>>> print(open('work-v5.cif').read())   # mmCIF, C-alpha atoms
data_entry
loop_
_atom_site.label_atom_id
_atom_site.label_comp_id
_atom_site.auth_asym_id
_atom_site.auth_seq_id
_atom_site.Cartn_x
_atom_site.Cartn_y
_atom_site.Cartn_z
CA MET A 23 -5.26 -23.63 -3.20
CA SER A 24 -8.02 -26.19 -3.69
CA ILE A 25 -11.07 -25.98 -1.45
CA THR A 26 -13.83 -28.55 -0.97
CA HIS A 27 -16.56 -28.81 1.64
CA ASN A 28 -18.88 -31.38 3.13
CA GLN A 29 -21.47 -31.52 5.88
CA ASP A 30 -20.66 -33.25 9.18
CA GLY A 31 -23.66 -32.89 11.52
CA VAL A 32 -24.27 -29.24 12.23
CA PHE A 33 -20.88 -28.25 10.84
CA THR A 34 -19.76 -27.58 7.30
CA VAL A 35 -16.18 -28.81 7.04
CA VAL A 36 -14.16 -26.80 4.55
CA SER A 37 -11.05 -28.72 3.51
CA MET A 38 -8.26 -26.56 2.17
CA ASN A 39 -5.23 -27.81 0.34
CA GLY A 40 -2.12 -25.96 -0.78
CA ARG A 41 -0.88 -22.44 -0.48
CA PHE A 42 -2.98 -19.89 1.41
CA ASP A 43 -1.60 -16.59 0.10
CA ALA A 44 -3.15 -13.56 -1.60
CA LEU A 45 -4.29 -15.74 -4.50
CA GLY A 46 -5.71 -18.47 -2.26
CA SER A 47 -7.46 -15.82 -0.19
CA ARG A 48 -9.64 -14.78 -3.12
CA ASP A 49 -10.88 -18.36 -3.62
CA PHE A 50 -11.35 -18.84 0.11
CA LYS A 51 -13.50 -15.72 0.57
CA ASN A 52 -15.66 -16.75 -2.40
CA VAL A 53 -16.30 -20.21 -0.94
CA ILE A 54 -17.24 -18.83 2.48
CA SER A 55 -19.52 -16.28 0.87
CA LEU A 56 -21.37 -19.06 -0.96
CA LEU A 57 -21.72 -21.06 2.27
CA LEU A 58 -23.19 -18.06 4.09
CA ASP A 59 -25.62 -17.53 1.22
CA ALA A 60 -26.70 -21.15 1.76
CA GLN A 61 -27.17 -20.41 5.51
CA LYS A 62 -24.25 -22.65 6.44
CA LYS A 63 -22.83 -20.64 9.31
CA ARG A 64 -21.13 -23.22 11.52
CA ILE A 65 -17.87 -23.82 9.75
CA VAL A 66 -14.80 -25.92 10.47
CA LEU A 67 -11.74 -25.02 8.42
CA ASP A 68 -9.66 -28.16 8.01
CA MET A 69 -6.20 -26.74 7.29
CA ALA A 70 -4.25 -29.98 7.71
CA HIS A 71 -3.17 -29.78 4.07
CA VAL A 72 -2.40 -26.07 4.02
CA ASP A 73 1.39 -26.16 3.80
CA PHE A 74 1.84 -22.39 3.66
CA ILE A 75 0.04 -19.30 4.90
CA ASP A 76 1.14 -15.67 4.80
CA SER A 77 -0.40 -12.50 6.21
CA SER A 78 -2.79 -12.26 3.24
CA GLY A 79 -4.19 -15.65 4.23
CA MET A 80 -4.31 -14.61 7.88
CA GLY A 81 -6.12 -11.41 6.91
CA ALA A 82 -8.67 -13.41 4.95
CA LEU A 83 -9.27 -15.63 7.99
CA VAL A 84 -9.83 -12.63 10.25
CA GLY A 85 -12.17 -10.99 7.74
CA VAL A 86 -14.19 -14.15 7.30
CA LEU A 87 -14.34 -14.73 11.06
CA ARG A 88 -15.82 -11.26 11.56
CA THR A 89 -18.38 -11.77 8.80
CA VAL A 90 -19.45 -15.20 10.03
CA VAL A 91 -19.75 -14.11 13.67
CA LYS A 92 -21.72 -11.04 12.61
CA GLU A 93 -24.17 -13.38 10.89
CA GLY A 94 -24.53 -15.44 14.06
CA GLY A 95 -22.24 -18.28 13.02
CA GLU A 96 -18.90 -19.62 14.13
CA ILE A 97 -15.55 -20.58 12.68
CA ARG A 98 -13.33 -23.33 14.02
CA ILE A 99 -9.84 -24.00 12.71
CA ALA A 100 -8.31 -27.47 12.70
CA GLY A 101 -5.16 -29.35 11.77
CA LEU A 102 -2.58 -26.58 11.63
CA ILE A 103 0.91 -27.86 10.80
CA PRO A 104 3.62 -26.40 13.08
CA GLU A 105 5.03 -23.99 10.48
CA VAL A 106 1.58 -22.56 9.84
CA HIS A 107 0.79 -22.35 13.53
CA THR A 108 3.90 -20.22 13.96
CA ILE A 109 2.45 -17.34 11.94
CA PHE A 110 -0.76 -17.46 13.98
CA GLU A 111 1.40 -16.80 17.01
CA LEU A 112 3.65 -14.28 15.28
CA THR A 113 0.65 -12.15 14.36
CA ARG A 114 -1.00 -12.97 17.72
CA LEU A 115 -4.14 -13.91 15.81
CA HIS A 116 -4.27 -17.36 17.45
CA ARG A 117 -6.09 -15.60 20.29
CA LEU A 118 -9.02 -14.86 17.99
CA PHE A 119 -9.71 -18.39 16.83
CA ASP A 120 -10.91 -21.65 18.31
CA ILE A 121 -8.13 -24.00 17.18
CA TYR A 122 -8.46 -27.79 17.30
CA GLU A 123 -5.99 -30.59 16.64
CA THR A 124 -8.15 -32.21 13.97
CA ALA A 125 -11.34 -31.52 12.07
CA THR A 126 -12.91 -34.53 13.79
CA ALA A 127 -12.18 -33.03 17.20
CA ALA A 128 -13.62 -29.71 16.03
CA THR A 129 -16.89 -31.24 14.90
CA LEU A 130 -17.31 -33.41 18.00
CA GLU A 131 -17.48 -30.50 20.42
CA ILE A 132 -20.99 -29.15 20.13
CA THR A 133 -21.86 -25.85 21.73
CA ASN A 134 -25.37 -24.54 21.96
CA GLU A 135 -25.98 -21.33 20.09
CA MET B 3 28.23 -15.85 -4.11
CA LYS B 4 25.72 -17.75 -6.21
CA GLU B 5 22.82 -15.81 -7.70
CA ARG B 6 19.37 -16.46 -9.10
CA THR B 7 16.94 -13.80 -10.31
CA ILE B 8 13.51 -13.71 -11.90
CA GLU B 9 11.44 -10.87 -13.35
CA LEU B 10 7.66 -11.10 -13.04
CA SER B 11 4.57 -9.18 -14.08
CA SER B 12 3.22 -7.03 -11.27
CA GLU B 13 0.06 -9.10 -10.73
CA LEU B 14 -1.02 -11.51 -8.00
CA GLU B 15 -0.91 -14.47 -10.40
CA SER B 16 2.88 -14.07 -10.38
CA LEU B 17 2.92 -15.31 -6.78
CA ARG B 18 2.54 -18.89 -8.05
CA VAL B 19 5.64 -18.68 -10.24
CA ALA B 20 7.57 -16.85 -7.53
CA ALA B 21 6.68 -19.52 -4.94
CA GLN B 22 7.96 -22.33 -7.15
CA PHE B 23 11.11 -20.35 -8.00
CA THR B 24 11.68 -19.65 -4.29
CA ASP B 25 11.18 -23.31 -3.32
CA ASP B 26 13.71 -24.36 -5.96
CA VAL B 27 16.27 -21.80 -4.79
CA ILE B 28 15.76 -22.75 -1.13
CA ARG B 29 16.47 -26.38 -2.04
CA GLU B 30 19.61 -25.25 -3.86
CA ILE B 31 20.72 -23.22 -0.84
CA LEU B 32 19.77 -25.57 1.97
CA GLY B 33 19.69 -28.97 0.26
CA ASP B 34 16.79 -31.35 -0.29
CA SER B 35 15.95 -31.55 3.43
CA PRO B 36 16.15 -27.96 4.65
CA PRO B 37 15.41 -27.23 8.32
CA PRO B 38 11.61 -26.87 8.02
CA GLN B 39 11.20 -23.56 9.82
CA LEU B 40 14.18 -21.90 8.10
CA GLY B 41 12.95 -22.79 4.62
CA TYR B 42 9.43 -21.77 5.58
CA ASN B 43 10.56 -18.43 7.02
CA ILE B 44 12.49 -17.52 3.88
CA SER B 45 9.51 -18.47 1.73
CA LEU B 46 7.18 -16.46 3.98
CA ALA B 47 9.35 -13.33 3.93
CA VAL B 48 9.54 -13.54 0.13
CA SER B 49 5.76 -13.93 -0.14
CA GLU B 50 5.16 -10.92 2.12
CA ALA B 51 7.64 -8.75 0.22
CA LEU B 52 6.34 -9.74 -3.21
CA THR B 53 2.69 -9.32 -2.25
CA ASN B 54 3.47 -5.81 -0.99
CA ALA B 55 5.46 -5.06 -4.14
CA ILE B 56 2.58 -6.19 -6.37
CA ARG B 57 -0.21 -4.56 -4.34
CA HIS B 58 1.60 -1.23 -4.00
CA GLY B 59 3.59 -1.39 -7.21
CA GLN B 60 2.76 -0.13 -10.65
CA THR B 61 -0.19 -1.83 -12.37
CA GLY B 62 1.08 -3.44 -15.54
CA GLY B 63 4.65 -3.02 -14.35
CA LYS B 64 7.30 -5.50 -13.32
CA VAL B 65 8.62 -6.87 -10.06
CA GLY B 66 11.99 -8.51 -9.61
CA LEU B 67 13.03 -11.22 -7.18
CA GLY B 68 16.66 -12.06 -6.60
CA PHE B 69 18.63 -14.42 -4.37
CA SER B 70 22.36 -14.40 -3.76
CA TRP B 71 23.98 -16.65 -1.21
CA ASP B 72 27.05 -18.33 0.17
CA THR B 73 27.48 -20.67 3.11
CA GLN B 74 27.04 -17.82 5.60
CA MET B 75 23.98 -15.93 4.42
CA VAL B 76 21.26 -15.47 1.84
CA ILE B 77 20.47 -12.02 0.47
CA ILE B 78 17.02 -11.58 -1.05
CA THR B 79 16.02 -8.54 -3.10
CA VAL B 80 12.53 -7.55 -4.24
CA ASP B 81 12.28 -4.70 -6.75
CA ASP B 82 9.13 -2.86 -7.71
CA GLN B 83 8.11 0.27 -9.60
CA GLY B 84 5.86 1.62 -6.86
CA ASP B 85 6.13 4.75 -4.80
CA GLU B 86 8.95 5.56 -2.42
CA LEU B 87 8.80 3.79 0.93
CA ASN B 88 10.82 4.23 4.09
CA LEU B 89 10.93 1.49 6.71
CA GLU B 90 11.07 3.96 9.58
CA ASP B 91 7.61 5.19 8.52
CA ILE B 92 6.09 1.74 9.04
CA SER B 93 5.04 0.92 12.58
CA ASP B 94 4.12 -2.49 13.97
CA PRO B 95 0.46 -3.51 13.69
CA ASP B 96 -1.91 -2.81 16.57
CA PHE B 97 -2.41 -6.35 17.85
CA GLU B 98 -5.38 -5.37 20.02
CA VAL B 99 -7.38 -4.46 16.92
CA ALA B 100 -6.70 -7.78 15.12
CA ALA B 101 -6.45 -6.05 11.79
CA THR B 102 -6.93 -7.88 8.51
CA GLY B 103 -3.75 -6.38 7.05
CA GLY B 104 -0.57 -4.47 7.75
CA TYR B 105 1.50 -7.41 8.96
CA GLY B 106 3.85 -7.78 5.99
CA ILE B 107 6.81 -5.63 7.00
CA TYR B 108 6.38 -6.66 10.65
CA ILE B 109 6.69 -10.34 9.68
CA ILE B 110 9.69 -9.65 7.44
CA ARG B 111 11.43 -7.79 10.24
CA LYS B 112 10.73 -10.65 12.66
CA LEU B 113 12.01 -13.39 10.34
CA MET B 114 14.99 -11.76 8.68
CA ASP B 115 18.24 -10.57 10.26
CA GLU B 116 18.54 -7.33 8.28
CA VAL B 117 15.94 -5.44 6.24
CA THR B 118 16.56 -2.27 4.22
CA ILE B 119 14.80 -0.32 1.48
CA ALA B 120 16.61 1.75 -1.13
CA ASN B 121 14.54 4.20 -3.18
CA PHE B 122 15.57 5.15 -6.72
CA PRO B 123 13.87 7.29 -9.37
CA GLY B 124 10.92 5.16 -10.54
CA TRP B 125 11.68 2.05 -8.51
CA LYS B 126 12.79 0.74 -5.15
CA ARG B 127 14.55 -2.31 -3.75
CA LEU B 128 13.74 -4.16 -0.53
CA THR B 129 16.76 -6.14 0.65
CA MET B 130 16.45 -8.92 3.24
CA ILE B 131 19.42 -10.75 4.73
CA LYS B 132 19.13 -14.08 6.51
CA ARG B 133 22.19 -15.57 8.14
CA LEU B 134 22.54 -19.31 7.79
CA ASN B 135 24.47 -20.07 10.94
CA GLU B 136 23.36 -23.12 12.86
CA GLY B 137 20.20 -22.77 14.91
CA ASN B 138 19.01 -19.72 13.03
CA GLY B 139 15.34 -20.44 12.21
#
>>> encode(input="work-v5.cif", output="structure tokens")
Amino acid sequence: MSITHNQDGVFTVVSMNGRFDALGSRDFKNVISLLLDAQKKRIVLDMAHVDFIDSSGMGALVGVLRTVVKEGGEIRIAGLIPEVHTIFELTRLHRLFDIYETATAATLEITNE
Amino acid sequence: MKERTIELSSELESLRVAAQFTDDVIREILGDSPPPQLGYNISLAVSEALTNAIRHGQTGGKVGLGFSWDTQMVIITVDDQGDELNLEDISDPDFEVAATGGYGIYIIRKLMDEVTIANFPGWKRLTMIKRLNEGNG
């Protein structure tokens, strides 16, 4: 999985591309850790180009969500393709996340912290 | 029945090779335009089974992935050299806790039509059967 990020207002948009499995999870957790070190705690995960996720990827998302929230930040998820959205529902973890249609929609809604 | 098998090192890096192998076999089974959710579900069940096999298998050992199929069903086997495991000992995850792990067998059970584990001295085989009748996602 390739991961890039850029700043859009108060949000850091993390764009992920490829397969989010146990291997991708390692890279993902490293990137989020670096962002938190840089005090970038309001994060949008643009998953429009994630064509596959398994429970290792889901576990990484849950772990990162907990860490970010604990540090006073937030995670928003955007752009899930239908097949990927299915596993969010299968594991019932969709209830945990704020999920948006697109990364643009996710960054437009500003909440006061 | 047609068959394809691959043997891999028991390490997470093998997931890449296994994913490509699985995609190729799915195309062979379902054609170049497989029903999206069916192809995805097979790929997902394989990923869950292989990740478990690697994580709980023998470090430095091998894992095996096999497909056999006809027009009615696909049978997927995942072999590893890890400890004995019995499906009846594995309960569904506690969804209220939102755990970071423990979903693998639950997902496999949800997506596949039949799931069994056979334990042998020094290795075990997880067998997953998916029927290919119309409308089966």
>>> residues_near_point(input="work-v5.cif", point="(-19.2, -22.2, 14.1)", cutoff="6 Å", atoms="only C-alpha atoms", output="ChimeraX atom specification")
/A:64-65,95-98
>>> closest_atom_pairs(input="work-v5.cif", of="stretch 53-80 of chain A", to="stretch 35-52 of chain B", cutoff="12 Å", atoms="only C-alpha atoms", output="Markdown table")
| residue | atom | partner | partner_atom | distance |
| --- | --- | --- | --- | --- |
| A:Asp73 | CA | B:Tyr42 | CA | 9.3 |
| A:Phe74 | CA | B:Tyr42 | CA | 7.9 |
| A:Ile75 | CA | B:Leu46 | CA | 7.7 |
| A:Asp76 | CA | B:Leu46 | CA | 6.1 |
| A:Ser77 | CA | B:Glu50 | CA | 7.1 |
| A:Ser78 | CA | B:Glu50 | CA | 8.1 |
| A:Gly79 | CA | B:Glu50 | CA | 10.7 |
| A:Met80 | CA | B:Glu50 | CA | 11.7 |
>>> closest_atom_pairs(input="work-v5.cif", of="stretch 56-78 of chain A", to="stretch 29-32 of chain A", cutoff="12 Å", atoms="all atoms listed in the file", output="Markdown table")
| residue | atom | partner | partner_atom | distance |
| --- | --- | --- | --- | --- |
| A:Leu57 | CA | A:Gln29 | CA | 11.1 |
| A:Gln61 | CA | A:Val32 | CA | 11.5 |
| A:Lys62 | CA | A:Val32 | CA | 8.8 |
| A:Lys63 | CA | A:Val32 | CA | 9.2 |
| A:Arg64 | CA | A:Val32 | CA | 6.8 |
| A:Ile65 | CA | A:Val32 | CA | 8.7 |
| A:Val66 | CA | A:Asp30 | CA | 9.5 |
| A:Leu67 | CA | A:Gln29 | CA | 12.0 |
>>> atom_distance(input="work-v5.cif", atom1="atom CA of B:Ala100", atom2="atom CA of A:Glu111")
12.3 Å
>>> resolve_selection(input="work-v5.cif", expression="the PyMOL selection byres ((chain A) within 7 of (chain B))", output="list in words")
Leu45, Asp76, Ser77, Gly81, Ala82, Val84, Gly85, Glu105, Arg114 and Leu115 of chain A
>>> resolve_selection(input="work-v5.cif", expression="the PyMOL selection byres ((chain A and resi 120) around 12)", output="ChimeraX atom specification")
/A:65-67,87,96-102,110,115-119,121-125,127-129,131
>>> write_last_selection(input="work-v5.cif", atoms="C-alpha atoms", output="PDB file, in the frame of the given file")
ATOM      1  CA  ILE A  65     -17.870 -23.820   9.750  1.00  0.00           C
ATOM      2  CA  VAL A  66     -14.800 -25.920  10.470  1.00  0.00           C
ATOM      3  CA  LEU A  67     -11.740 -25.020   8.420  1.00  0.00           C
ATOM      4  CA  LEU A  87     -14.340 -14.730  11.060  1.00  0.00           C
ATOM      5  CA  GLU A  96     -18.900 -19.620  14.130  1.00  0.00           C
ATOM      6  CA  ILE A  97     -15.550 -20.580  12.680  1.00  0.00           C
ATOM      7  CA  ARG A  98     -13.330 -23.330  14.020  1.00  0.00           C
ATOM      8  CA  ILE A  99      -9.840 -24.000  12.710  1.00  0.00           C
ATOM      9  CA  ALA A 100      -8.310 -27.470  12.700  1.00  0.00           C
ATOM     10  CA  GLY A 101      -5.160 -29.350  11.770  1.00  0.00           C
ATOM     11  CA  LEU A 102      -2.580 -26.580  11.630  1.00  0.00           C
ATOM     12  CA  PHE A 110      -0.760 -17.460  13.980  1.00  0.00           C
ATOM     13  CA  LEU A 115      -4.140 -13.910  15.810  1.00  0.00           C
ATOM     14  CA  HIS A 116      -4.270 -17.360  17.450  1.00  0.00           C
ATOM     15  CA  ARG A 117      -6.090 -15.600  20.290  1.00  0.00           C
ATOM     16  CA  LEU A 118      -9.020 -14.860  17.990  1.00  0.00           C
ATOM     17  CA  PHE A 119      -9.710 -18.390  16.830  1.00  0.00           C
ATOM     18  CA  ILE A 121      -8.130 -24.000  17.180  1.00  0.00           C
ATOM     19  CA  TYR A 122      -8.460 -27.790  17.300  1.00  0.00           C
ATOM     20  CA  GLU A 123      -5.990 -30.590  16.640  1.00  0.00           C
ATOM     21  CA  THR A 124      -8.150 -32.210  13.970  1.00  0.00           C
ATOM     22  CA  ALA A 125     -11.340 -31.520  12.070  1.00  0.00           C
ATOM     23  CA  ALA A 127     -12.180 -33.030  17.200  1.00  0.00           C
ATOM     24  CA  ALA A 128     -13.620 -29.710  16.030  1.00  0.00           C
ATOM     25  CA  THR A 129     -16.890 -31.240  14.900  1.00  0.00           C
ATOM     26  CA  GLU A 131     -17.480 -30.500  20.420  1.00  0.00           C
TER      27      GLU A 131
END
>>> atom_distance(input="work-v5.cif", atom1="atom CA of B:Ile8", atom2="atom CA of B:Leu67")
5.4 Å
>>> resolve_selection(input="work-v5.cif", expression="the PyMOL selection byres ((chain B and resi 87-91) around 10)", output="MDAnalysis selection string")
chainID B and resid 84:86 92:93 107 111 117:121 126:128
>>> build_atoms(input="work-v5.cif", residues="stretch 72-107 of chain B", atoms="N, CA and C atoms", output="compact mmCIF listing (two decimals), in the coordinates of the input")
# COMPACT_ATOMS: atom_id res chain seq x y z
N ASP B 72 25.87 -17.48 -0.03
CA ASP B 72 27.05 -18.33 0.17
C ASP B 72 26.75 -19.20 1.37
N THR B 73 27.76 -19.77 1.99
CA THR B 73 27.48 -20.67 3.11
C THR B 73 27.06 -19.91 4.36
N GLN B 74 27.30 -18.60 4.39
CA GLN B 74 27.04 -17.82 5.60
C GLN B 74 25.67 -17.14 5.61
N MET B 75 25.22 -16.73 4.44
CA MET B 75 23.98 -15.93 4.42
C MET B 75 23.29 -16.01 3.06
N VAL B 76 22.00 -15.65 3.08
CA VAL B 76 21.26 -15.47 1.84
C VAL B 76 20.75 -14.03 1.81
N ILE B 77 20.95 -13.39 0.67
CA ILE B 77 20.47 -12.02 0.47
C ILE B 77 19.35 -12.05 -0.56
N ILE B 78 18.20 -11.54 -0.17
CA ILE B 78 17.02 -11.58 -1.05
C ILE B 78 16.65 -10.14 -1.41
N THR B 79 16.45 -9.88 -2.68
CA THR B 79 16.02 -8.54 -3.10
C THR B 79 14.68 -8.63 -3.81
N VAL B 80 13.82 -7.67 -3.54
CA VAL B 80 12.53 -7.55 -4.24
C VAL B 80 12.43 -6.12 -4.77
N ASP B 81 12.35 -6.01 -6.09
CA ASP B 81 12.28 -4.70 -6.75
C ASP B 81 10.87 -4.44 -7.24
N ASP B 82 10.41 -3.21 -7.10
CA ASP B 82 9.13 -2.86 -7.71
C ASP B 82 9.18 -1.42 -8.21
N GLN B 83 8.16 -1.06 -8.99
CA GLN B 83 8.11 0.27 -9.60
C GLN B 83 7.12 1.17 -8.89
N GLY B 84 6.83 0.83 -7.63
CA GLY B 84 5.86 1.62 -6.86
C GLY B 84 6.49 2.85 -6.23
N ASP B 85 5.68 3.50 -5.41
CA ASP B 85 6.13 4.75 -4.80
C ASP B 85 7.23 4.51 -3.76
N GLU B 86 7.90 5.59 -3.44
CA GLU B 86 8.95 5.56 -2.42
C GLU B 86 8.40 5.06 -1.09
N LEU B 87 9.21 4.32 -0.37
CA LEU B 87 8.80 3.79 0.93
C LEU B 87 10.00 3.83 1.87
N ASN B 88 9.74 4.21 3.10
CA ASN B 88 10.82 4.23 4.09
C ASN B 88 10.41 3.37 5.29
N LEU B 89 11.27 2.44 5.64
CA LEU B 89 10.93 1.49 6.71
C LEU B 89 10.60 2.17 8.03
N GLU B 90 11.31 3.29 8.29
CA GLU B 90 11.07 3.96 9.58
C GLU B 90 9.66 4.55 9.67
N ASP B 91 8.98 4.68 8.52
CA ASP B 91 7.61 5.19 8.52
C ASP B 91 6.58 4.10 8.83
N ILE B 92 7.04 2.85 8.87
CA ILE B 92 6.09 1.74 9.04
C ILE B 92 6.16 1.21 10.46
N SER B 93 5.06 1.38 11.19
CA SER B 93 5.04 0.92 12.58
C SER B 93 4.46 -0.50 12.65
N ASP B 94 4.68 -1.15 13.77
CA ASP B 94 4.12 -2.49 13.97
C ASP B 94 2.60 -2.42 14.00
N PRO B 95 1.93 -3.52 13.63
CA PRO B 95 0.46 -3.51 13.69
C PRO B 95 -0.04 -3.38 15.12
N ASP B 96 -1.27 -2.88 15.26
CA ASP B 96 -1.91 -2.81 16.57
C ASP B 96 -2.57 -4.16 16.82
N PHE B 97 -1.94 -4.97 17.67
CA PHE B 97 -2.41 -6.35 17.85
C PHE B 97 -3.75 -6.42 18.59
N GLU B 98 -4.10 -5.36 19.29
CA GLU B 98 -5.38 -5.37 20.02
C GLU B 98 -6.56 -5.24 19.06
N VAL B 99 -6.31 -4.68 17.89
CA VAL B 99 -7.38 -4.46 16.92
C VAL B 99 -7.63 -5.71 16.09
N ALA B 100 -6.61 -6.60 15.99
CA ALA B 100 -6.70 -7.78 15.12
C ALA B 100 -7.06 -7.36 13.70
N ALA B 101 -6.20 -6.58 13.13
CA ALA B 101 -6.45 -6.05 11.79
C ALA B 101 -6.38 -7.16 10.75
N THR B 102 -6.99 -6.90 9.60
CA THR B 102 -6.93 -7.88 8.51
C THR B 102 -5.70 -7.67 7.63
N GLY B 103 -4.95 -6.60 7.87
CA GLY B 103 -3.75 -6.38 7.05
C GLY B 103 -2.73 -5.57 7.81
N GLY B 104 -1.61 -5.29 7.14
CA GLY B 104 -0.57 -4.47 7.75
C GLY B 104 0.49 -5.26 8.48
N TYR B 105 0.54 -6.57 8.26
CA TYR B 105 1.50 -7.41 8.96
C TYR B 105 2.79 -7.68 8.16
N GLY B 106 2.78 -7.35 6.88
CA GLY B 106 3.85 -7.78 5.99
C GLY B 106 5.25 -7.39 6.44
N ILE B 107 5.47 -6.09 6.62
CA ILE B 107 6.81 -5.63 7.00
C ILE B 107 7.17 -6.11 8.41
